[in-house]
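Asker: Got a structure for you, questions after.
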Amino acid sequence: MSSNAALQARRVAAIPRGVATAYPVFAERAEGSELWDKDGKRFIDFAGGIAVLNTGHRHPKVIAAVKKQLDAFTHTAFQIVPYEPYIELCERLNKLAPFSGEAKSILFSTGAEAVENAVKIARAATGRTNVIAFSGAFHGRTLMTSALTGKVAPYKKKFGPMPAGIWHAPFPVPQFGVSVADSLRAIDYLFRADVDPVNVAAIIIEPVQGEGGFHPAPTELLEGLRKLCDQHGILLIADEVQTGFARTGKMFGIEHSGVEPDMITIAKSLAGGFPLSGVVGKAAVMDGPDPGGLGGTYAGSPIACAAALAVLDVIEEEKLIERASTLGVRIKGELARIAQRNDTVAMSSIRGPGAMVAFDVVKSRGGEEPDADATKRVTAAALAEGLVLLSCGVHANTIRILMPLTISDELLGEGLAKLERALVVANG
C-alpha cells in the first residue's frame, strides 16, 4: 500500500505545481467528520473539502441515493435525453429561492461555472455587458471568474489580460479601514469616472467573503446595492457557493439581511461531495438567454442530482440550519476563551454568522497587524495534532473553521482542543 511520502513523490512528478495542495497527507477513507490518511493517521476535518461537506463525509442517505441512481443510469446529457432528478432538484431549489416571485434554476458542475453562467444570463437579460465585483472576493478560476475575483496572486498572476468590463469596489472591512460608505462612494465614482450604469449588467457579491477572510457583507451595504440596482436596472447576484445550504444559520447567507437578490449562484455543499452547481434566479431573468445558449455535457449530472436531493432532505430532517447556529455559538465562545490566554499566538476579530466562523492571527495582542507566518505555523501544528484546518484572507492570516454541520458535540470538542493546542504550539 502506498504511503504519504511515496504518493507525494508521485504527485510532484506527475502533476503540475499550478494546482497547490495544502498538506502532503493523502486520504485513505473518511466518515462523518473524520478522515484517515495513507499512513493510518486519524484527523478531525475542520475543512470539509472547502465547505463542501456540510452534511459530512459519506452521509448514509446521500450514499444510498447515489447507489440507487447508479443502478438506473449515470449519464445521458440533459440537453439530449433529460431526466427527472434534474427537474425535481430545480423545483425544490425554486421553492427555496431567497426572493419573492417565480423562480427558475439551471444546473452546472462547478462554482466557477455557475458564476460564469450567471454573468451570461445577466448580460442576456439586460442587454448590457459590465459587471461590478469587490476587492477580496473569490468567484472562481476561469478567466471570467478570475477577473471577478478581487485578488491578483495567485488567481490572476501570469494569466495575461483579464476579460474586459469588470470593475471592483472596495469591500467594507472595519479592521482594514473601509466602511460601507466608502464602498458605496467607490461605486458612485465608478459610475462617474469609468462606466455608465446603463451599461452595467450586474453587481455580484458574496454574503460572506470566503477566500477573502470570512468577512460578512453588512446589511447596510446589501441594502445600498439593492437600491442602486433598482435605480439603474442592474441585477444583483449573491454568490452563495460557500455560504449556501445551512452553513451560516440560514439556507442562504443573503437571508440574514432581508435583501432579495435577482440571482444566486450555488455549489459546494449542494451535493454532499459530488460535483454540482447551479444558478437560481427570477424566472424572467433566467429566460433571458436563447435555447442552446446555456448548458454543459456533464452539467446537472444525474448522480449529483440524486445526491443533492438527499442533501436537502438531510438539512431538513436533521435541522442543520438550527444546528449551524448552535455550533457557531459554541465555537465563537471557545475561541473567545482561548484568545484570553497569554501563551497562544495573538488572535483578533472572531467573526462569522452561524458555523461560518473565522478569526485573524495578528502580531500583537490587541493589535491588527497580520501575521501570515504565525498562521502557517498554526495550520501546520493543527495537522500534527490530527486536525485539518484551513487559512485564508487577503493577508493570509485568517483561520477559518468549516467542519461538517453533522459533527457530534464530542468530536467538535476534540477538534477545538486540538486547535487550542496548535495555537499554543505555534506561539513557540
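Naming works like this for the C-alpha cells: A, B, ... for the chains as they're shown, residue 1 at the start of each chain, ligands 1 onward in shown order.
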Using only C-alpha atoms, I'd like a table of the residues in range 239-350 of chain A that come within 12 Å of range 376-389 of chain A; for each, show the closest atom pair and its distance in Å rounded to one decimal, ordered by chain and ascending number, as a Markdown table.

Answerer:
| residue | atom | partner | partner_atom | distance |
| --- | --- | --- | --- | --- |
| A:Thr344 | CA | A:Val378 | CA | 9.8 |
| A:Val345 | CA | A:Val378 | CA | 8.3 |
| A:Ala346 | CA | A:Val378 | CA | 11.1 |
| A:Met347 | CA | A:Val378 | CA | 11.3 |

Asker: Could you go through range 65-125 of chain A and tell me which residues DSSP, when run on the backbone, assigns to strand (DSSP E or B), listing them as a list in words?

Answerer: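 The strand (DSSP E or B) subset of range 65-125 of chain A is Ala103, Lys104, Ser105, Ile106, Leu107 and Phe108 of chain A.
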
Asker: Could you write out that same residue set with N, CA and C atoms as a compact mmCIF listing (two decimals), in the first residue's frame?

Answerer:
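Full text of out.txt as output:
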# COMPACT_ATOMS: atom_id res chain seq x y z
N ALA A 103 -39.46 31.58 -9.66
CA ALA A 103 -38.02 31.31 -9.83
C ALA A 103 -37.81 30.18 -10.82
N LYS A 104 -36.64 30.17 -11.44
CA LYS A 104 -36.19 29.06 -12.27
C LYS A 104 -34.73 28.77 -11.94
N SER A 105 -34.32 27.51 -12.15
CA SER A 105 -32.95 27.10 -11.84
C SER A 105 -32.34 26.35 -13.02
N ILE A 106 -31.03 26.43 -13.12
CA ILE A 106 -30.27 25.66 -14.09
C ILE A 106 -29.05 25.10 -13.38
N LEU A 107 -28.63 23.91 -13.76
CA LEU A 107 -27.56 23.21 -13.06
C LEU A 107 -26.30 23.12 -13.90
N PHE A 108 -25.15 23.15 -13.19
CA PHE A 108 -23.84 23.02 -13.83
C PHE A 108 -22.98 22.08 -12.97

Asker: Rank A:Val311, A:Leu235, A:Met251, A:Ile63 by their smallest atom-to-atom distance to Pro353 in chain A, using only C-alpha atoms, and report the top residue only.

Answerer: A:Met251

Asker: Restricting the calculation to only C-alpha atoms, which member of A:Ala153, A:Leu89, A:Leu7, A:Leu402 is positioned closest to Asn54 in chain A?

Answerer: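 Using only C-alpha atoms, Asn54 in chain A sits closest to A:Leu402.
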
Asker: Taking 3 positions as the minimum chain separation for residues in the same chain, which residues sit within 9 Å of Thr297 in chain A when counting only C-alpha atoms? Answer as a list in words.

Answerer: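 These residues fall inside the cut-off: Thr76, Ala77, Phe78, Gln79, Gly300 and Ser301 of chain A.
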
Asker: Hey, which of A:Gly224, A:Ile407, A:Gln340, A:Tyr155 ends up closest to Ala20 in chain A? Count only C-alpha atoms.

Answerer: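 Distance minimum relative to Ala20 in chain A lands on A:Tyr155.
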
Asker: Between A:Pro261, A:Pro82, A:Gly101, A:Gly295, which is the closest to Ile237 in chain A once you count only C-alpha atoms?

Answerer: A:Pro261

Asker: Got a sec: who's within 10 Å of Glu84 in chain A, counting only C-alpha atoms, leaving out chain neighbours fewer than 3 positions off, as a VMD selection string?

Answerer: chain A and resid 78 87 to 90 302 305 to 306

Asker: Create the file for the chosen residues now, containing N, CA, C and O atoms and written as a short mmCIF file (atom, residue, chain, number, x, y, z; two decimals), in the first residue's frame.

Answerer:
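Contents of out-v9.cif, freshly written:
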data_model
loop_
_atom_site.label_atom_id
_atom_site.label_comp_id
_atom_site.auth_asym_id
_atom_site.auth_seq_id
_atom_site.Cartn_x
_atom_site.Cartn_y
_atom_site.Cartn_z
N PHE A 78 -28.28 16.19 -20.15
CA PHE A 78 -29.63 16.70 -20.01
C PHE A 78 -30.14 17.36 -21.29
O PHE A 78 -31.33 17.32 -21.58
N ILE A 87 -35.02 17.82 -12.91
CA ILE A 87 -36.24 18.64 -12.79
C ILE A 87 -36.67 18.75 -11.32
O ILE A 87 -36.99 19.84 -10.84
N GLU A 88 -36.66 17.63 -10.62
CA GLU A 88 -37.08 17.64 -9.22
C GLU A 88 -36.19 18.54 -8.37
O GLU A 88 -36.68 19.29 -7.52
N LEU A 89 -34.89 18.48 -8.61
CA LEU A 89 -33.98 19.33 -7.84
C LEU A 89 -34.23 20.80 -8.13
O LEU A 89 -34.27 21.63 -7.21
N CYS A 90 -34.42 21.15 -9.38
CA CYS A 90 -34.70 22.55 -9.73
C CYS A 90 -36.01 23.01 -9.10
O CYS A 90 -36.11 24.16 -8.62
N PRO A 302 -26.89 13.28 -13.29
CA PRO A 302 -27.97 12.60 -12.56
C PRO A 302 -27.51 12.04 -11.22
O PRO A 302 -28.29 12.01 -10.25
N CYS A 305 -27.36 15.04 -8.93
CA CYS A 305 -28.73 15.48 -8.61
C CYS A 305 -29.35 14.58 -7.55
O CYS A 305 -30.02 15.07 -6.62
N ALA A 306 -29.15 13.28 -7.67
CA ALA A 306 -29.67 12.35 -6.66
C ALA A 306 -29.05 12.65 -5.29
O ALA A 306 -29.75 12.65 -4.27
#

Asker: What is the distance between CA of Gly333 in chain A and CA of Arg421 in chain A, in Å to one decimal?

Answerer: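 Atom-to-atom, CA of Gly333 in chain A to CA of Arg421 in chain A, that is 16.5 Å.
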
Asker: Listing only residues of range 62-163 of chain A within 10 Å of range 273-276 of chain A, what is the closest atom pair and its distance in Å (to one decimal) for each, using only C-alpha atoms, sorted by chain and residue number ascending, as a Markdown table?

Answerer:
| residue | atom | partner | partner_atom | distance |
| --- | --- | --- | --- | --- |
| A:Val62 | CA | A:Gly273 | CA | 9.4 |
| A:Val66 | CA | A:Phe274 | CA | 9.5 |
| A:Leu107 | CA | A:Leu276 | CA | 7.1 |
| A:Phe108 | CA | A:Leu276 | CA | 5.9 |
| A:Ser109 | CA | A:Leu276 | CA | 4.2 |
| A:Thr110 | CA | A:Leu276 | CA | 5.9 |
| A:Gly111 | CA | A:Leu276 | CA | 8.0 |
| A:Glu113 | CA | A:Leu276 | CA | 9.7 |
| A:Ala114 | CA | A:Leu276 | CA | 9.3 |

Asker: Take the residues from that selection and put them in a file with C-alpha atoms, as a PDB file, in the first residue's frame.

Answerer:
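Output (result.pdb):
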ATOM      1  CA  VAL A  62     -26.562  10.590   0.305  1.00  0.00           C
ATOM      2  CA  VAL A  66     -26.264   7.753  -5.258  1.00  0.00           C
ATOM      3  CA  LEU A 107     -27.563  23.209 -13.056  1.00  0.00           C
ATOM      4  CA  PHE A 108     -23.836  23.018 -13.825  1.00  0.00           C
ATOM      5  CA  SER A 109     -20.802  21.284 -12.308  1.00  0.00           C
ATOM      6  CA  THR A 110     -18.540  23.796 -10.510  1.00  0.00           C
ATOM      7  CA  GLY A 111     -18.916  27.045  -8.637  1.00  0.00           C
ATOM      8  CA  GLU A 113     -19.187  27.515 -13.952  1.00  0.00           C
ATOM      9  CA  ALA A 114     -22.222  28.755 -12.030  1.00  0.00           C
TER      10      ALA A 114
END
